[in-house]
file query_1.cif (mmCIF, N, CA and C atoms)
data_model
#
loop_
_atom_site.label_atom_id
_atom_site.label_comp_id
_atom_site.auth_asym_id
_atom_site.auth_seq_id
_atom_site.Cartn_x
_atom_site.Cartn_y
_atom_site.Cartn_z
N LEU I 150 84.64 46.69 85.88
CA LEU I 150 83.72 45.92 86.70
C LEU I 150 83.97 44.44 86.44
N ALA I 151 84.62 43.79 87.33
CA ALA I 151 84.86 42.35 87.20
C ALA I 151 84.04 41.62 88.25
N ASN I 152 82.94 41.00 87.81
CA ASN I 152 82.01 40.30 88.70
C ASN I 152 81.45 41.23 89.77
N SER I 153 81.16 42.46 89.36
CA SER I 153 80.55 43.41 90.29
C SER I 153 79.53 44.26 89.55
N ALA I 154 78.61 44.84 90.32
CA ALA I 154 77.53 45.64 89.76
C ALA I 154 77.47 46.99 90.48
N VAL I 155 77.07 48.01 89.73
CA VAL I 155 76.96 49.36 90.27
C VAL I 155 75.59 49.92 89.90
N ALA I 156 74.94 50.56 90.86
CA ALA I 156 73.64 51.19 90.61
C ALA I 156 73.85 52.63 90.17
N PHE I 157 73.03 53.08 89.21
CA PHE I 157 73.02 54.45 88.75
C PHE I 157 71.60 54.97 88.85
N SER I 158 71.48 56.25 89.11
CA SER I 158 70.15 56.86 89.20
C SER I 158 70.05 58.01 88.23
N LEU I 159 68.88 58.13 87.65
CA LEU I 159 68.55 59.27 86.79
C LEU I 159 67.16 59.71 87.21
N GLY I 160 67.09 60.81 87.93
CA GLY I 160 65.82 61.23 88.50
C GLY I 160 65.36 60.20 89.52
N ASP I 161 64.13 59.73 89.38
CA ASP I 161 63.58 58.72 90.28
C ASP I 161 63.84 57.29 89.80
N HIS I 162 64.58 57.16 88.71
CA HIS I 162 64.80 55.84 88.12
C HIS I 162 66.20 55.33 88.45
N ARG I 163 66.27 54.06 88.82
CA ARG I 163 67.56 53.43 89.11
C ARG I 163 67.75 52.25 88.18
N PHE I 164 68.99 52.09 87.71
CA PHE I 164 69.32 50.92 86.91
C PHE I 164 70.73 50.47 87.28
N TRP I 165 71.05 49.25 86.90
CA TRP I 165 72.32 48.64 87.27
C TRP I 165 73.16 48.35 86.05
N ILE I 166 74.45 48.53 86.19
CA ILE I 166 75.40 48.06 85.19
C ILE I 166 76.25 47.01 85.89
N ALA I 167 76.27 45.83 85.31
CA ALA I 167 76.99 44.70 85.89
C ALA I 167 78.08 44.25 84.92
N GLY I 168 79.28 44.04 85.44
CA GLY I 168 80.39 43.61 84.60
C GLY I 168 80.84 42.21 84.97
N LEU I 169 80.85 41.33 84.00
CA LEU I 169 81.26 39.95 84.22
C LEU I 169 82.77 39.82 84.02
N GLY I 170 83.42 39.05 84.88
CA GLY I 170 84.84 38.78 84.72
C GLY I 170 85.10 38.05 83.40
N ASP I 171 86.32 38.15 82.90
CA ASP I 171 86.71 37.56 81.62
C ASP I 171 86.52 36.04 81.65
N GLN I 172 85.89 35.52 80.62
CA GLN I 172 85.65 34.08 80.50
C GLN I 172 86.87 33.34 79.95
N MET I 173 87.82 34.09 79.41
CA MET I 173 89.04 33.50 78.86
C MET I 173 90.25 34.22 79.46
N ALA I 174 90.30 34.28 80.78
CA ALA I 174 91.36 35.02 81.46
C ALA I 174 92.72 34.34 81.35
N ARG I 175 92.70 33.03 81.36
CA ARG I 175 93.94 32.25 81.27
C ARG I 175 93.82 31.33 80.07
N LEU I 176 94.71 31.53 79.10
CA LEU I 176 94.60 30.80 77.85
C LEU I 176 95.19 29.40 77.90
N GLY I 177 95.69 29.00 79.08
CA GLY I 177 96.00 27.62 79.39
C GLY I 177 97.12 26.98 78.63
N PRO I 178 97.04 25.70 78.35
CA PRO I 178 95.83 24.92 78.53
C PRO I 178 95.62 24.52 79.98
N PRO I 179 94.38 24.33 80.41
CA PRO I 179 93.14 24.62 79.70
C PRO I 179 92.79 26.11 79.78
N ILE I 180 91.89 26.54 78.92
CA ILE I 180 91.41 27.92 78.97
C ILE I 180 90.48 28.03 80.17
N THR I 181 90.76 28.98 81.04
CA THR I 181 89.91 29.18 82.22
C THR I 181 89.53 30.64 82.34
N GLY I 182 88.44 30.87 83.02
CA GLY I 182 87.96 32.23 83.20
C GLY I 182 87.90 32.63 84.65
N VAL I 183 87.61 33.89 84.86
CA VAL I 183 87.42 34.42 86.20
C VAL I 183 85.99 34.95 86.35
N ASP I 184 85.11 34.49 85.47
CA ASP I 184 83.71 34.93 85.48
C ASP I 184 82.91 34.17 86.53
N ASP I 185 81.95 34.88 87.14
CA ASP I 185 81.07 34.27 88.14
C ASP I 185 79.68 34.87 87.97
N LEU I 186 78.95 34.38 86.98
CA LEU I 186 77.63 34.92 86.66
C LEU I 186 76.64 34.78 87.82
N PRO I 187 76.57 33.65 88.53
CA PRO I 187 75.63 33.57 89.66
C PRO I 187 75.91 34.61 90.75
N ALA I 188 77.17 34.81 91.11
CA ALA I 188 77.50 35.81 92.14
C ALA I 188 77.19 37.21 91.66
N LEU I 189 77.45 37.47 90.39
CA LEU I 189 77.17 38.80 89.83
C LEU I 189 75.66 39.06 89.82
N THR I 190 74.89 38.10 89.36
CA THR I 190 73.44 38.25 89.30
C THR I 190 72.85 38.49 90.68
N ALA I 191 73.39 37.86 91.69
CA ALA I 191 72.90 38.01 93.06
C ALA I 191 73.09 39.44 93.59
N GLN I 192 73.97 40.21 93.01
CA GLN I 192 74.22 41.58 93.46
C GLN I 192 73.15 42.57 92.99
N VAL I 193 72.38 42.18 91.98
CA VAL I 193 71.38 43.07 91.39
C VAL I 193 70.00 42.70 91.95
N PRO I 194 69.33 43.64 92.63
CA PRO I 194 68.02 43.34 93.19
C PRO I 194 67.01 42.90 92.13
N ALA I 195 66.24 41.90 92.44
CA ALA I 195 65.21 41.40 91.52
C ALA I 195 64.25 42.53 91.16
N GLY I 196 63.84 42.54 89.92
CA GLY I 196 62.88 43.52 89.46
C GLY I 196 63.46 44.86 89.04
N GLU I 197 64.75 45.07 89.25
CA GLU I 197 65.37 46.34 88.85
C GLU I 197 66.07 46.15 87.49
N PRO I 198 65.96 47.14 86.62
CA PRO I 198 66.58 47.01 85.29
C PRO I 198 68.10 46.93 85.39
N ALA I 199 68.66 46.06 84.55
CA ALA I 199 70.11 45.84 84.60
C ALA I 199 70.66 45.57 83.20
N LEU I 200 71.88 46.04 83.02
CA LEU I 200 72.62 45.87 81.77
C LEU I 200 73.87 45.07 82.09
N LEU I 201 74.17 44.05 81.28
CA LEU I 201 75.34 43.21 81.53
C LEU I 201 76.44 43.53 80.53
N LEU I 202 77.65 43.76 81.03
CA LEU I 202 78.83 43.92 80.20
C LEU I 202 79.61 42.61 80.30
N ALA I 203 79.78 41.93 79.18
CA ALA I 203 80.51 40.66 79.16
C ALA I 203 81.43 40.68 77.95
N HIS I 204 82.72 40.69 78.17
CA HIS I 204 83.65 40.80 77.05
C HIS I 204 83.36 39.76 75.96
N GLU I 205 83.25 38.50 76.34
CA GLU I 205 82.96 37.45 75.38
C GLU I 205 81.45 37.21 75.33
N PRO I 206 80.86 37.14 74.13
CA PRO I 206 79.41 36.93 74.03
C PRO I 206 78.97 35.49 74.30
N ASP I 207 79.88 34.55 74.45
CA ASP I 207 79.51 33.14 74.65
C ASP I 207 78.66 32.91 75.90
N ILE I 208 78.67 33.81 76.84
CA ILE I 208 77.88 33.65 78.07
C ILE I 208 76.39 33.88 77.83
N PHE I 209 76.03 34.49 76.71
CA PHE I 209 74.66 34.92 76.47
C PHE I 209 73.59 33.85 76.70
N PRO I 210 73.76 32.60 76.26
CA PRO I 210 72.71 31.60 76.51
C PRO I 210 72.49 31.33 78.00
N GLU I 211 73.46 31.62 78.84
CA GLU I 211 73.34 31.36 80.27
C GLU I 211 72.80 32.54 81.07
N VAL I 212 72.69 33.70 80.43
CA VAL I 212 72.31 34.93 81.14
C VAL I 212 70.88 34.90 81.64
N GLY I 213 69.99 34.24 80.93
CA GLY I 213 68.59 34.24 81.33
C GLY I 213 67.97 35.62 81.10
N ASP I 214 66.83 35.86 81.72
CA ASP I 214 66.13 37.13 81.48
C ASP I 214 66.39 38.17 82.55
N ARG I 215 67.39 37.96 83.39
CA ARG I 215 67.69 38.90 84.48
C ARG I 215 68.22 40.23 83.97
N PHE I 216 68.94 40.21 82.85
CA PHE I 216 69.53 41.43 82.30
C PHE I 216 68.78 41.81 81.03
N ALA I 217 68.41 43.10 80.93
CA ALA I 217 67.64 43.57 79.78
C ALA I 217 68.46 43.48 78.49
N VAL I 218 69.74 43.80 78.59
CA VAL I 218 70.63 43.80 77.43
C VAL I 218 72.00 43.31 77.88
N THR I 219 72.63 42.52 77.04
CA THR I 219 74.03 42.12 77.25
C THR I 219 74.86 42.78 76.16
N LEU I 220 75.94 43.45 76.56
CA LEU I 220 76.85 44.10 75.61
C LEU I 220 78.17 43.34 75.62
N SER I 221 78.64 43.01 74.43
CA SER I 221 79.88 42.25 74.31
C SER I 221 80.73 42.78 73.15
N GLY I 222 81.92 42.25 73.07
CA GLY I 222 82.85 42.54 71.99
C GLY I 222 83.57 41.25 71.66
N HIS I 223 84.87 41.23 71.85
CA HIS I 223 85.73 40.05 71.76
C HIS I 223 85.93 39.52 70.35
N THR I 224 84.89 39.37 69.57
CA THR I 224 85.00 38.74 68.25
C THR I 224 85.50 39.69 67.18
N HIS I 225 85.42 41.00 67.41
CA HIS I 225 85.81 42.02 66.43
C HIS I 225 85.10 41.80 65.09
N ALA I 226 83.85 41.33 65.16
CA ALA I 226 83.02 41.05 63.98
C ALA I 226 83.67 40.03 63.07
N GLY I 227 84.48 39.17 63.65
CA GLY I 227 85.20 38.18 62.87
C GLY I 227 86.58 38.67 62.44
N GLN I 228 86.77 39.97 62.48
CA GLN I 228 88.03 40.65 62.18
C GLN I 228 88.46 40.47 60.73
N ILE I 229 88.31 39.28 60.20
CA ILE I 229 88.64 39.03 58.80
C ILE I 229 87.41 38.39 58.17
N LYS I 230 86.88 39.05 57.14
CA LYS I 230 85.70 38.54 56.44
C LYS I 230 86.04 38.42 54.97
N ILE I 231 85.84 37.24 54.42
CA ILE I 231 86.14 36.97 53.02
C ILE I 231 84.87 36.42 52.38
N ALA I 232 84.43 37.07 51.31
CA ALA I 232 83.22 36.67 50.59
C ALA I 232 82.03 36.53 51.54
N GLY I 233 81.93 37.47 52.51
CA GLY I 233 80.80 37.48 53.43
C GLY I 233 80.88 36.47 54.56
N ARG I 234 81.98 35.73 54.64
CA ARG I 234 82.13 34.71 55.69
C ARG I 234 83.30 35.06 56.61
N THR I 235 83.16 34.66 57.86
CA THR I 235 84.22 34.86 58.84
C THR I 235 84.87 33.50 59.10
N PRO I 236 86.05 33.27 58.54
CA PRO I 236 86.65 31.94 58.65
C PRO I 236 87.07 31.54 60.06
N VAL I 237 87.44 32.52 60.89
CA VAL I 237 87.86 32.21 62.25
C VAL I 237 87.13 33.14 63.20
N VAL I 238 86.38 32.57 64.14
CA VAL I 238 85.67 33.35 65.15
C VAL I 238 86.04 32.76 66.51
N PRO I 239 86.57 33.59 67.42
CA PRO I 239 86.96 33.07 68.74
C PRO I 239 85.76 32.83 69.65
N SER I 240 84.94 31.85 69.28
CA SER I 240 83.73 31.54 70.02
C SER I 240 83.38 30.08 69.84
N ARG I 241 82.90 29.45 70.89
CA ARG I 241 82.48 28.05 70.77
C ARG I 241 81.19 27.92 69.97
N PHE I 242 80.55 29.06 69.68
CA PHE I 242 79.31 29.08 68.89
C PHE I 242 79.55 29.47 67.44
N GLY I 243 80.81 29.54 67.02
CA GLY I 243 81.10 29.93 65.64
C GLY I 243 80.62 31.35 65.38
N SER I 244 79.88 31.55 64.30
CA SER I 244 79.42 32.89 63.92
C SER I 244 78.10 33.32 64.55
N ARG I 245 77.53 32.48 65.39
CA ARG I 245 76.22 32.78 66.00
C ARG I 245 76.20 34.16 66.69
N TYR I 246 77.27 34.50 67.41
CA TYR I 246 77.35 35.78 68.12
C TYR I 246 78.52 36.62 67.63
N VAL I 247 78.84 36.53 66.37
CA VAL I 247 80.03 37.21 65.86
C VAL I 247 79.87 38.73 65.82
N TYR I 248 78.63 39.22 65.59
CA TYR I 248 78.47 40.66 65.43
C TYR I 248 77.00 41.06 65.40
N GLY I 249 76.72 42.25 65.91
CA GLY I 249 75.42 42.88 65.73
C GLY I 249 74.44 42.67 66.87
N HIS I 250 73.18 42.94 66.58
CA HIS I 250 72.09 42.83 67.54
C HIS I 250 71.44 41.46 67.37
N VAL I 251 71.53 40.66 68.40
CA VAL I 251 70.98 39.30 68.40
C VAL I 251 69.84 39.26 69.41
N VAL I 252 68.70 38.71 69.01
CA VAL I 252 67.57 38.54 69.91
C VAL I 252 67.26 37.05 69.97
N GLU I 253 67.29 36.50 71.19
CA GLU I 253 66.95 35.10 71.40
C GLU I 253 66.03 35.01 72.62
N ASP I 254 64.89 34.39 72.44
CA ASP I 254 63.92 34.22 73.53
C ASP I 254 63.58 35.55 74.20
N GLY I 255 63.49 36.62 73.42
CA GLY I 255 63.14 37.94 73.94
C GLY I 255 64.28 38.65 74.65
N ARG I 256 65.46 38.05 74.66
CA ARG I 256 66.63 38.66 75.30
C ARG I 256 67.51 39.30 74.23
N HIS I 257 68.20 40.38 74.59
CA HIS I 257 68.98 41.14 73.62
C HIS I 257 70.47 41.08 73.91
N LEU I 258 71.24 40.86 72.85
CA LEU I 258 72.70 40.89 72.89
C LEU I 258 73.17 41.81 71.79
N ILE I 259 74.09 42.70 72.14
CA ILE I 259 74.72 43.55 71.13
C ILE I 259 76.21 43.26 71.17
N VAL I 260 76.74 42.81 70.02
CA VAL I 260 78.17 42.51 69.91
C VAL I 260 78.78 43.55 68.98
N SER I 261 79.70 44.33 69.52
CA SER I 261 80.35 45.39 68.75
C SER I 261 81.60 44.87 68.05
N ALA I 262 81.88 45.44 66.89
CA ALA I 262 83.12 45.13 66.17
C ALA I 262 84.31 45.78 66.85
N GLY I 263 84.05 46.78 67.67
CA GLY I 263 85.13 47.46 68.38
C GLY I 263 86.04 48.25 67.46
N LEU I 264 87.14 48.70 68.03
CA LEU I 264 88.08 49.53 67.28
C LEU I 264 89.36 48.81 66.88
N GLY I 265 89.79 47.89 67.71
CA GLY I 265 91.10 47.29 67.51
C GLY I 265 91.05 45.92 66.85
N THR I 266 92.11 45.18 67.12
CA THR I 266 92.24 43.83 66.61
C THR I 266 92.67 42.92 67.75
N SER I 267 92.67 41.64 67.51
CA SER I 267 93.08 40.68 68.52
C SER I 267 93.98 39.63 67.89
N MET I 268 95.06 39.33 68.52
CA MET I 268 96.04 38.33 68.09
C MET I 268 96.70 38.70 66.76
N VAL I 269 95.94 38.73 65.68
CA VAL I 269 96.48 39.10 64.37
C VAL I 269 96.16 40.58 64.13
N PRO I 270 97.17 41.43 63.96
CA PRO I 270 96.92 42.87 63.85
C PRO I 270 96.45 43.29 62.45
N ILE I 271 95.31 42.73 62.03
CA ILE I 271 94.77 43.07 60.71
C ILE I 271 93.25 43.00 60.75
N ARG I 272 92.61 43.87 59.97
CA ARG I 272 91.17 43.80 59.72
C ARG I 272 91.01 43.72 58.22
N LEU I 273 90.16 42.83 57.79
CA LEU I 273 89.89 42.69 56.37
C LEU I 273 88.40 42.42 56.21
N GLY I 274 87.70 43.32 55.56
CA GLY I 274 86.27 43.13 55.33
C GLY I 274 85.38 43.45 56.51
N THR I 275 85.94 43.92 57.61
CA THR I 275 85.14 44.35 58.76
C THR I 275 85.60 45.74 59.16
N ARG I 276 84.65 46.59 59.45
CA ARG I 276 84.97 47.96 59.81
C ARG I 276 84.96 48.13 61.32
N PRO I 277 85.89 48.92 61.84
CA PRO I 277 85.84 49.23 63.28
C PRO I 277 84.63 50.11 63.56
N GLU I 278 84.16 50.10 64.81
CA GLU I 278 82.99 50.91 65.13
C GLU I 278 82.97 51.28 66.60
N ILE I 279 82.24 52.34 66.87
CA ILE I 279 81.86 52.73 68.22
C ILE I 279 80.34 52.69 68.23
N VAL I 280 79.76 51.99 69.17
CA VAL I 280 78.30 51.84 69.25
C VAL I 280 77.74 52.85 70.24
N GLU I 281 76.70 53.55 69.83
CA GLU I 281 75.97 54.43 70.73
C GLU I 281 74.67 53.73 71.10
N LEU I 282 74.47 53.54 72.38
CA LEU I 282 73.29 52.84 72.87
C LEU I 282 72.43 53.83 73.63
N VAL I 283 71.19 53.98 73.21
CA VAL I 283 70.25 54.87 73.88
C VAL I 283 69.28 53.99 74.67
N LEU I 284 69.26 54.19 75.98
CA LEU I 284 68.41 53.38 76.85
C LEU I 284 67.13 54.12 77.19
N GLY I 285 66.06 53.40 77.32
CA GLY I 285 64.78 53.99 77.71
C GLY I 285 63.68 52.98 77.48
N SER I 286 62.49 53.37 77.83
CA SER I 286 61.35 52.49 77.60
C SER I 286 60.69 52.88 76.29
N GLU I 287 59.74 52.06 75.86
CA GLU I 287 59.02 52.39 74.63
C GLU I 287 58.26 53.70 74.79
N ALA I 288 57.92 54.06 76.01
CA ALA I 288 57.19 55.30 76.28
C ALA I 288 58.11 56.52 76.21
N THR I 289 59.41 56.29 76.22
CA THR I 289 60.35 57.39 76.19
C THR I 289 60.72 57.70 74.74
N PRO I 290 60.43 58.91 74.27
CA PRO I 290 60.77 59.23 72.88
C PRO I 290 62.29 59.32 72.73
N PRO I 291 62.80 58.93 71.56
CA PRO I 291 64.24 59.04 71.35
C PRO I 291 64.67 60.50 71.33
N PRO I 292 65.94 60.77 71.66
CA PRO I 292 66.41 62.16 71.63
C PRO I 292 66.39 62.70 70.20
N LYS I 293 66.16 63.99 70.09
CA LYS I 293 66.14 64.63 68.77
C LYS I 293 67.53 65.10 68.40
N ASP I 294 67.88 64.88 67.14
CA ASP I 294 69.15 65.39 66.65
C ASP I 294 68.98 66.87 66.33
N ASP I 295 69.87 67.69 66.83
CA ASP I 295 69.79 69.13 66.55
C ASP I 295 70.83 69.55 65.56
#

call {"tool": "encode", "arguments": {"input": "query_1.cif", "output": "structure tokens"}}
result
Amino acid sequence: LANSAVAFSLGDHRFWIAGLGDQMARLGPPITGVDDLPALTAQVPAGEPALLLAHEPDIFPEVGDRFAVTLSGHTHAGQIKIAGRTPVVPSRFGSRYVYGHVVEDGRHLIVSAGLGTSMVPIRLGTRPEIVELVLGSEATPPPKDD
């Protein structure tokens, strides 16, 4: 999904998954993207729940409250962590969105460490992961493990 959104239904409930184009599509110089957040947001009807997929988490401050959750990767949790610090993070925000569940102004961002690596084929001090996300309202009980 590059700058497009798709509706899904489960029973009487509909929700949207929207995919933002890559913000670092051309590494330049200058670095340019193919992302179009305003056009993407316009595809999702107001008032309907929506999830945003954005490879790079740097877009998160611009997302606003239109999307319930933003899912990102790109940083690989810093990929190399030494003494609890990530010396290089491919983000203009440094370690602010390097990994995990971030809540700002009531908005949610989940940044996964992912499975692979980027540029340098090494991981040190960060574990690869697959994230399982369970969606629902507070009124919906979580699934039971059998």

call {"tool": "residues_around", "arguments": {"input": "query_1.cif", "residues": "stretch 260-274 of chain I", "least_positions_apart": "2", "cutoff": "6 Å", "atoms": "all atoms listed in the file", "output": "PyMOL selection string"}}
result
chain I and resi 220-222+225-226+228-231+247-251+258+276-279

call {"tool": "select_by_dssp", "arguments": {"input": "query_1.cif", "residues": "stretch 157-274 of chain I", "states": "alpha helix (DSSP H)", "output": "PyMOL selection string"}}
result
chain I and resi 186-191+209-212

call {"tool": "closest_residue", "arguments": {"input": "query_1.cif", "among": "I:Val212, I:His204, I:Asp254, I:Leu284", "to": "I:Asp171", "atoms": "all atoms listed in the file"}}
result
I:His204

call {"tool": "select_by_dssp", "arguments": {"input": "query_1.cif", "residues": "chain I", "states": "strand (DSSP E)", "output": "number ranges by chain"}}
result
I: 153-159, 162-168, 199-202, 218-221, 249-253, 256-260

call {"tool": "resolve_selection", "arguments": {"input": "query_1.cif", "expression": "the PyMOL selection byres ((chain I and resi 164) around 6)", "output": "MDAnalysis selection string"}}
result
chainID I and resid 155:158 162:163 165:166 197:199

call {"tool": "closest_residue", "arguments": {"input": "query_1.cif", "among": "I:Thr190, I:Gln172, I:Thr181, I:Thr219", "to": "I:His257", "atoms": "only N, CA and C atoms"}}
result
I:Thr219

call {"tool": "atom_distance", "arguments": {"input": "query_1.cif", "atom1": "atom CA of I:Val193", "atom2": "atom C of I:Ala154"}}
result
7.3 Å

call {"tool": "resolve_selection", "arguments": {"input": "query_1.cif", "expression": "the PyMOL selection byres (((chain I and resi 208 and name CA) around 12) and name CA)", "output": "PyMOL selection string"}}
result
chain I and resi 169-173+182+184-187+201-207+209-213+219-223+240-242+246+258

call {"tool": "axis_aligned_box", "arguments": {"input": "query_1.cif", "around": "stretch 170-181 of chain I", "padding_each_side": "5 Å", "output": "lines of an AutoDock Vina configuration file"}}
result
center_x = 90.3
center_y = 31.7
center_z = 81.4
size_x = 23.7
size_y = 24.7
size_z = 17.0

call {"tool": "atom_distance", "arguments": {"input": "query_1.cif", "atom1": "atom CA of I:Gly168", "atom2": "atom CA of I:Ala217"}}
result
13.6 Å

call {"tool": "atom_distance", "arguments": {"input": "query_1.cif", "atom1": "atom N of I:Val183", "atom2": "atom C of I:Thr224"}}
result
18.7 Å

call {"tool": "closest_residue", "arguments": {"input": "query_1.cif", "among": "I:Thr235, I:Thr275, I:Asn152, I:Ser244", "to": "I:Ala188", "atoms": "only N, CA and C atoms"}}
result
I:Asn152
